[in-house]
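The next block holds one structure in the form of structure tokens; read it before the comments.
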Amino acid sequence: MIGDFEQQRVRLSTGVELDVVDVGPRDAPALVFLHGFPESHRTWRFQLPHFANRFRCIAPDQRGYRGSSKPQDAESYTPDKLIADVFALADALDVGTFTIVGHDWGGAIAWGVALGGQPGGLHPGWAGRVTRAVIANAPHPAIFQRLLLANPEQRAASQYIRTFRDPASDAIIEEHGIAGILAHAFADRVPSGGIQPPDEIARLLKDWEDRDACRAMINWYRGSPMAVPAMDEPYVEPPAAPFPKLTIPTLVVWALDDVALPACNLDGMEELVPDVSIVKVPGCGHFVPWEAPDAVNAAMDDFLVNG
């Protein structure tokens with residue numbers, strides 16, 4: 001069991017307040033860790049103590065989660081707002097440059113943070129602030145959208161998103177919370193690996209008692225512009241369109257037994273991310289930061305410390 005981490009409440013210029021773990025030397029290089037659905041800062045419970053002697057490790061409960069602000073409208077969870085939260089958090093903690101680290105939805109936002117904040121990045125006000133990126137089982141936005149349109153395996157694996165977005169699911173969320181909608185969406189699939197220890201399950205169930213949090217967590221899916229076609233819609237290759245390259249050093253850690261994100265998400269990564277290192281983790285399901293923490297820590301050590 002990894003014990004509790006002390007959190008502080010941080011008010012952001014984006015109008016929300018986040019509960020944040022902030023450990024390690026204040027003058028050390030900063031790592032900002034972004035968790036995904038349906039977790040919290042505890043996604044990184046094995047990474048934070050491992051890196052805190054060499055890095056300033058910052059891990060928020062992102063908007064919509066646990067004690068952090070939980071706006072109830074889907075519009076509050078569009079990617080631009082979630083990306084802006086990260087830079088606003090860095091500002092609030094007086095962090096100039098940082099490495100962004102993300103898993104699952106946190107990884108999706110980390111891609112956007114990196115693209116906006118790399119030198120010469122998409123957002124002039126943030127450009128140059130993100131020096132490196134670490135992504136764990138979170139698809140590159142251009143690759144993922146193409147796969148949803150053209151690849152039967154990824155489309156089938158992503159049908160749960162349509163369930164999450166369906167207003168008919170609201171009644172399930174109200175009555176049974178996140179545990180209920182997960183059971184409904186994944187009733188025909190058993191995730192590979194990734195059984196949480198009892199104390200972590202208890203923490204999650206307690207977090208999920210808050211229906212405002214449950215609705216907010218689902219709004220991450222409802223606020224996203226990504227298109228997830230139904231299985232009976234035509235498969236089409238999207239028209240060729242330029243996508244900005246991510247040029248900063250980037251580590252992609254990919255667990256190969258992820259039922260939601262098959263390894264085809266790695267195809268074409270080098271073209272879009274020229275300075276990428278890819279580490280594959282066999283025999284591991286989606287939640288690689290805590291399912292295979294030694295592999296993740298070793299890959300990050302090699303990338304951050306030895307690279």
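By convention here, the chains of the structure tokens are called A, B, ... in the order presented, each chain's residues are numbered starting at 1, and ligands are numbered starting at 1 in the order presented.
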- [ ] Just list the residues in region 191-304 of chain A DSSP gives alpha helix (DSSP H) on the backbone, as an NGL selection string.
- [x] :A and (198-207 or 211-222 or 269-272 or 288-291 or 293-300)
Let me see the file: selected residues, N, CA, C and O atoms, as a compact mmCIF listing (two decimals), in the first residue's frame.
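Result saved to again_17.txt:
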# COMPACT_ATOMS: atom_id res chain seq x y z
N PRO A 198 -7.37 -3.94 -2.69
CA PRO A 198 -8.61 -3.55 -2.00
C PRO A 198 -8.62 -2.13 -1.47
O PRO A 198 -9.64 -1.44 -1.53
N ASP A 199 -7.49 -1.66 -0.93
CA ASP A 199 -7.49 -0.31 -0.37
C ASP A 199 -7.67 0.74 -1.46
O ASP A 199 -8.33 1.77 -1.24
N GLU A 200 -7.15 0.49 -2.68
CA GLU A 200 -7.33 1.44 -3.77
C GLU A 200 -8.76 1.39 -4.29
O GLU A 200 -9.34 2.42 -4.65
N ILE A 201 -9.34 0.21 -4.36
CA ILE A 201 -10.75 0.09 -4.76
C ILE A 201 -11.63 0.88 -3.79
O ILE A 201 -12.54 1.60 -4.21
N ALA A 202 -11.35 0.75 -2.50
CA ALA A 202 -12.13 1.47 -1.50
C ALA A 202 -12.01 2.98 -1.70
O ALA A 202 -13.00 3.72 -1.58
N ARG A 203 -10.82 3.45 -2.01
CA ARG A 203 -10.63 4.88 -2.25
C ARG A 203 -11.46 5.34 -3.45
O ARG A 203 -12.11 6.38 -3.42
N LEU A 204 -11.40 4.55 -4.54
CA LEU A 204 -12.13 4.93 -5.75
C LEU A 204 -13.63 4.95 -5.49
O LEU A 204 -14.33 5.88 -5.90
N LEU A 205 -14.13 3.93 -4.83
CA LEU A 205 -15.57 3.87 -4.57
C LEU A 205 -16.01 5.05 -3.73
O LEU A 205 -17.11 5.60 -3.93
N LYS A 206 -15.18 5.46 -2.78
CA LYS A 206 -15.52 6.62 -1.96
C LYS A 206 -15.55 7.88 -2.83
O LYS A 206 -16.46 8.71 -2.72
N ASP A 207 -14.55 8.02 -3.72
CA ASP A 207 -14.53 9.18 -4.62
C ASP A 207 -15.78 9.21 -5.49
O ASP A 207 -16.33 10.28 -5.78
N ARG A 211 -21.96 12.40 -6.85
CA ARG A 211 -22.57 12.38 -8.18
C ARG A 211 -22.15 13.58 -9.03
O ARG A 211 -22.11 13.49 -10.25
N ASP A 212 -21.82 14.71 -8.40
CA ASP A 212 -21.29 15.83 -9.17
C ASP A 212 -19.98 15.43 -9.84
O ASP A 212 -19.73 15.77 -11.00
N ALA A 213 -19.15 14.69 -9.12
CA ALA A 213 -17.89 14.21 -9.71
C ALA A 213 -18.16 13.21 -10.82
O ALA A 213 -17.52 13.24 -11.87
N CYS A 214 -19.12 12.32 -10.62
CA CYS A 214 -19.44 11.33 -11.65
C CYS A 214 -19.87 12.00 -12.95
O CYS A 214 -19.40 11.64 -14.04
N ARG A 215 -20.75 12.98 -12.84
CA ARG A 215 -21.21 13.69 -14.05
C ARG A 215 -20.05 14.46 -14.69
O ARG A 215 -19.91 14.49 -15.91
N ALA A 216 -19.21 15.06 -13.86
CA ALA A 216 -18.09 15.84 -14.40
C ALA A 216 -17.09 14.93 -15.12
O ALA A 216 -16.59 15.28 -16.19
N MET A 217 -16.82 13.78 -14.56
CA MET A 217 -15.88 12.85 -15.19
C MET A 217 -16.38 12.41 -16.56
O MET A 217 -15.62 12.34 -17.53
N ILE A 218 -17.68 12.13 -16.67
CA ILE A 218 -18.26 11.73 -17.95
C ILE A 218 -18.22 12.89 -18.95
O ILE A 218 -18.11 12.70 -20.16
N ASN A 219 -18.28 14.11 -18.42
CA ASN A 219 -18.25 15.28 -19.31
C ASN A 219 -16.92 15.45 -20.03
O ASN A 219 -16.86 16.17 -21.04
N TRP A 220 -15.87 14.80 -19.57
CA TRP A 220 -14.62 14.81 -20.35
C TRP A 220 -14.88 14.18 -21.72
O TRP A 220 -14.31 14.62 -22.72
N TYR A 221 -15.69 13.15 -21.77
CA TYR A 221 -16.02 12.51 -23.04
C TYR A 221 -17.01 13.35 -23.84
O TYR A 221 -16.93 13.42 -25.06
N ARG A 222 -17.93 13.98 -23.16
CA ARG A 222 -18.97 14.74 -23.85
C ARG A 222 -18.45 16.07 -24.36
O ARG A 222 -19.00 16.64 -25.31
N MET A 269 3.78 6.79 -35.47
CA MET A 269 4.16 7.73 -34.42
C MET A 269 5.44 8.49 -34.76
O MET A 269 5.55 9.71 -34.53
N GLU A 270 6.42 7.79 -35.34
CA GLU A 270 7.71 8.44 -35.62
C GLU A 270 7.58 9.59 -36.61
O GLU A 270 8.34 10.56 -36.55
N GLU A 271 6.61 9.49 -37.52
CA GLU A 271 6.43 10.57 -38.49
C GLU A 271 5.89 11.83 -37.83
O GLU A 271 6.28 12.95 -38.17
N LEU A 272 5.00 11.65 -36.86
CA LEU A 272 4.39 12.80 -36.19
C LEU A 272 5.23 13.30 -35.02
O LEU A 272 5.13 14.47 -34.62
N VAL A 288 -1.04 1.17 -16.92
CA VAL A 288 0.36 0.81 -16.83
C VAL A 288 1.12 1.53 -15.72
O VAL A 288 2.04 0.94 -15.13
N PRO A 289 0.79 2.77 -15.32
CA PRO A 289 1.58 3.39 -14.24
C PRO A 289 1.56 2.60 -12.94
O PRO A 289 2.56 2.60 -12.22
N TRP A 290 0.42 1.95 -12.62
CA TRP A 290 0.40 1.15 -11.39
C TRP A 290 0.32 -0.35 -11.64
O TRP A 290 0.56 -1.14 -10.73
N GLU A 291 0.01 -0.78 -12.85
CA GLU A 291 0.06 -2.21 -13.16
C GLU A 291 1.50 -2.68 -13.34
O GLU A 291 1.86 -3.81 -12.98
N PRO A 293 4.59 -0.62 -12.53
CA PRO A 293 5.31 0.60 -12.13
C PRO A 293 6.81 0.50 -12.33
O PRO A 293 7.46 1.50 -12.66
N ASP A 294 7.39 -0.68 -12.12
CA ASP A 294 8.84 -0.80 -12.29
C ASP A 294 9.24 -0.52 -13.74
O ASP A 294 10.26 0.14 -14.01
N ALA A 295 8.43 -1.03 -14.69
CA ALA A 295 8.73 -0.80 -16.11
C ALA A 295 8.59 0.67 -16.46
O ALA A 295 9.41 1.23 -17.20
N VAL A 296 7.55 1.31 -15.94
CA VAL A 296 7.34 2.74 -16.21
C VAL A 296 8.46 3.57 -15.60
O VAL A 296 9.03 4.46 -16.24
N ASN A 297 8.79 3.28 -14.35
CA ASN A 297 9.85 4.05 -13.69
C ASN A 297 11.19 3.88 -14.39
O ASN A 297 11.95 4.84 -14.55
N ALA A 298 11.48 2.66 -14.82
CA ALA A 298 12.75 2.42 -15.51
C ALA A 298 12.80 3.16 -16.83
O ALA A 298 13.83 3.76 -17.20
N ALA A 299 11.69 3.14 -17.57
CA ALA A 299 11.65 3.85 -18.85
C ALA A 299 11.80 5.35 -18.64
O ALA A 299 12.51 6.03 -19.39
N MET A 300 11.13 5.88 -17.61
CA MET A 300 11.24 7.31 -17.33
C MET A 300 12.63 7.67 -16.83
O MET A 300 13.17 8.73 -17.17
- [ ] Extract, using only C-alpha atoms, all DNA, RNA and protein residues at most 9 Å from Gln145 (chain A), discarding same-chain residues fewer than 5 positions from it, and format them as a ChimeraX atom specification.
- [x] /A:140,150,226-228,238
Task: All residues 10 Å or closer to region 44-51 of chain A, only C-alpha atoms, same chain fewer than 4 positions away omitted, as a ChimeraX atom specification - done: /A:1-5,21-24,31,33-35,39-40,55-59,101-103,288-294,296-297,300-301,304-305
TODO: Would you mind listing what lies within 9 Å of Leu182 (chain A) as a ChimeraX atom specification, with only C-alpha atoms counted and same-chain residues fewer than 5 positions away left out?
DONE: /A:160,164,177,187
For the selection you just gave me, I'd like the residues written to a file as a tab-separated table (two decimals), in the first residue's frame, keeping C-alpha atoms.
chain	number	residue	atom	x	y	z
A	160	TYR	CA	-17.95	2.63	-24.78
A	164	PHE	CA	-20.76	7.50	-22.02
A	177	GLY	CA	-22.45	6.34	-10.25
A	187	ALA	CA	-20.44	-5.59	-19.75
Task: Those in region 93-269 of chain A with strand (DSSP E or B) from DSSP, as a ChimeraX atom specification - done: /A:98-103,130-136,250-255
Those residues you just picked out, can you put them in a file as a CSV table (one decimal), in the first residue's frame with all heavy atoms?
chain,number,residue,atom,x,y,z
A,98,PHE,N,8.6,22.9,-17.9
A,98,PHE,CA,8.3,21.6,-17.2
A,98,PHE,C,8.2,20.5,-18.3
A,98,PHE,O,8.1,20.7,-19.5
A,98,PHE,CB,7.0,21.6,-16.4
A,98,PHE,CG,5.8,22.1,-17.2
A,98,PHE,CD1,5.0,21.1,-17.8
A,98,PHE,CD2,5.5,23.4,-17.4
A,98,PHE,CE1,3.8,21.5,-18.6
A,98,PHE,CE2,4.4,23.8,-18.1
A,98,PHE,CZ,3.5,22.9,-18.7
A,99,THR,N,8.3,19.2,-17.7
A,99,THR,CA,8.1,18.0,-18.5
A,99,THR,C,6.6,17.6,-18.2
A,99,THR,O,6.2,17.6,-17.0
A,99,THR,CB,9.0,16.9,-18.1
A,99,THR,OG1,10.3,17.2,-18.5
A,99,THR,CG2,8.6,15.6,-18.8
A,100,ILE,N,5.8,17.4,-19.2
A,100,ILE,CA,4.5,16.9,-19.1
A,100,ILE,C,4.4,15.4,-19.1
A,100,ILE,O,5.0,14.8,-20.0
A,100,ILE,CB,3.5,17.6,-20.1
A,100,ILE,CG1,2.1,17.3,-19.7
A,100,ILE,CG2,3.8,17.1,-21.5
A,100,ILE,CD1,1.6,18.0,-18.5
A,101,VAL,N,3.7,14.8,-18.2
A,101,VAL,CA,3.6,13.4,-18.1
A,101,VAL,C,2.1,13.0,-18.0
A,101,VAL,O,1.4,13.6,-17.2
A,101,VAL,CB,4.3,12.8,-16.8
A,101,VAL,CG1,4.2,11.3,-16.8
A,101,VAL,CG2,5.7,13.3,-16.7
A,102,GLY,N,1.6,12.2,-18.8
A,102,GLY,CA,0.1,11.9,-18.8
A,102,GLY,C,-0.2,10.5,-19.2
A,102,GLY,O,0.5,9.8,-19.9
A,103,HIS,N,-1.3,10.0,-18.6
A,103,HIS,CA,-1.9,8.7,-18.9
A,103,HIS,C,-3.3,8.8,-19.2
A,103,HIS,O,-4.1,9.6,-18.6
A,103,HIS,CB,-1.7,7.7,-17.6
A,103,HIS,CG,-2.4,6.4,-17.7
A,103,HIS,ND1,-3.6,6.2,-17.1
A,103,HIS,CD2,-2.2,5.3,-18.5
A,103,HIS,CE1,-4.0,5.0,-17.4
A,103,HIS,NE2,-3.2,4.4,-18.2
A,130,VAL,N,7.2,23.8,-22.4
A,130,VAL,CA,7.2,22.3,-22.3
A,130,VAL,C,8.5,21.8,-22.9
A,130,VAL,O,8.7,21.9,-24.2
A,130,VAL,CB,6.0,21.7,-22.9
A,130,VAL,CG1,6.0,20.2,-22.7
A,130,VAL,CG2,4.7,22.3,-22.2
A,131,THR,N,9.4,21.2,-22.2
A,131,THR,CA,10.7,20.8,-22.7
A,131,THR,C,10.7,19.3,-23.1
A,131,THR,O,11.5,18.9,-24.0
A,131,THR,CB,11.7,21.0,-21.6
A,131,THR,OG1,11.4,20.3,-20.4
A,131,THR,CG2,11.9,22.5,-21.3
A,132,ARG,N,9.9,18.5,-22.5
A,132,ARG,CA,9.8,17.0,-22.8
A,132,ARG,C,8.4,16.5,-22.5
A,132,ARG,O,7.6,17.2,-21.8
A,132,ARG,CB,10.8,16.2,-22.0
A,132,ARG,CG,12.2,16.5,-22.3
A,132,ARG,CD,13.2,15.8,-21.3
A,132,ARG,NE,13.0,16.3,-19.9
A,132,ARG,CZ,13.8,16.1,-18.9
A,132,ARG,NH1,14.9,15.3,-19.1
A,132,ARG,NH2,13.6,16.6,-17.7
A,133,ALA,N,8.0,15.4,-23.1
A,133,ALA,CA,6.7,14.8,-22.8
A,133,ALA,C,6.9,13.3,-22.6
A,133,ALA,O,7.7,12.6,-23.2
A,133,ALA,CB,5.8,15.0,-24.0
A,134,VAL,N,6.1,12.8,-21.6
A,134,VAL,CA,6.0,11.3,-21.3
A,134,VAL,C,4.5,11.0,-21.4
A,134,VAL,O,3.7,11.5,-20.7
A,134,VAL,CB,6.5,11.0,-20.0
A,134,VAL,CG1,6.4,9.5,-19.7
A,134,VAL,CG2,8.0,11.4,-19.8
A,135,ILE,N,4.2,10.0,-22.3
A,135,ILE,CA,2.8,9.6,-22.6
A,135,ILE,C,2.7,8.1,-22.3
A,135,ILE,O,3.5,7.3,-22.8
A,135,ILE,CB,2.4,9.9,-24.0
A,135,ILE,CG1,2.8,11.4,-24.4
A,135,ILE,CG2,1.0,9.6,-24.3
A,135,ILE,CD1,1.9,12.4,-23.8
A,136,ALA,N,1.7,7.8,-21.5
A,136,ALA,CA,1.5,6.3,-21.2
A,136,ALA,C,0.1,6.0,-21.6
A,136,ALA,O,-0.9,6.5,-21.1
A,136,ALA,CB,1.7,6.1,-19.7
A,250,THR,N,10.3,12.9,-26.6
A,250,THR,CA,9.0,12.4,-26.1
A,250,THR,C,9.2,10.9,-25.9
A,250,THR,O,9.7,10.2,-26.7
A,250,THR,CB,7.9,12.6,-27.2
A,250,THR,OG1,7.7,14.0,-27.4
A,250,THR,CG2,6.6,12.0,-26.7
A,251,LEU,N,8.7,10.4,-24.7
A,251,LEU,CA,8.7,9.0,-24.4
A,251,LEU,C,7.3,8.5,-24.4
A,251,LEU,O,6.4,9.1,-23.8
A,251,LEU,CB,9.3,8.8,-23.0
A,251,LEU,CG,9.1,7.4,-22.4
A,251,LEU,CD1,9.9,6.3,-23.2
A,251,LEU,CD2,9.5,7.4,-20.9
A,252,VAL,N,7.0,7.5,-25.2
A,252,VAL,CA,5.7,6.9,-25.2
A,252,VAL,C,5.8,5.5,-24.6
A,252,VAL,O,6.6,4.6,-25.1
A,252,VAL,CB,5.1,6.8,-26.7
A,252,VAL,CG1,3.9,6.0,-26.7
A,252,VAL,CG2,4.9,8.2,-27.2
A,253,VAL,N,5.2,5.2,-23.5
A,253,VAL,CA,5.1,3.9,-22.9
A,253,VAL,C,3.8,3.3,-23.2
A,253,VAL,O,2.7,3.9,-23.0
A,253,VAL,CB,5.3,4.0,-21.3
A,253,VAL,CG1,5.2,2.6,-20.7
A,253,VAL,CG2,6.6,4.7,-21.0
A,254,TRP,N,3.8,2.1,-23.8
A,254,TRP,CA,2.6,1.5,-24.2
A,254,TRP,C,2.4,0.0,-23.7
A,254,TRP,O,3.2,-0.9,-24.1
A,254,TRP,CB,2.5,1.5,-25.8
A,254,TRP,CG,1.1,1.4,-26.3
A,254,TRP,CD1,0.3,0.4,-26.5
A,254,TRP,CD2,0.3,2.6,-26.5
A,254,TRP,NE1,-1.0,0.7,-26.9
A,254,TRP,CE2,-1.0,2.1,-26.9
A,254,TRP,CE3,0.5,4.0,-26.4
A,254,TRP,CZ2,-2.0,3.0,-27.2
A,254,TRP,CZ3,-0.6,4.8,-26.7
A,254,TRP,CH2,-1.8,4.3,-27.1
A,255,ALA,N,1.4,-0.2,-22.8
A,255,ALA,CA,1.1,-1.5,-22.4
A,255,ALA,C,0.3,-2.2,-23.5
A,255,ALA,O,-0.6,-1.7,-24.1
A,255,ALA,CB,0.2,-1.5,-21.1
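If you count only C-alpha atoms and ignore residues fewer than 2 places along the chain from Pro71 (chain A), what sits within 9 Å of it is Val16, Arg63, Gly64, Ser69, Asp73, Ala74, Ser76, Tyr77, Asp212, Ala213 and Ala216 of chain A.
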Task: For Val236 (chain A), the nearest of the candidates A:Gly107, A:Pro141, A:Pro262, A:Pro152, counting only C-alpha atoms - done: A:Pro152
TODO: Just the residues within 12 Å of Tyr235 (chain A), please, counting only C-alpha atoms, with nothing from its chain fewer than 5 positions along; format it as a list in words.
DONE: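 Counting only the stated atoms, we get Arg146, Leu147, Leu148, Leu149, Ala150, Asn151, Pro152, Glu153, Gln154, Arg155, Ala156, Val228, Pro229 and Ala230 of chain A.
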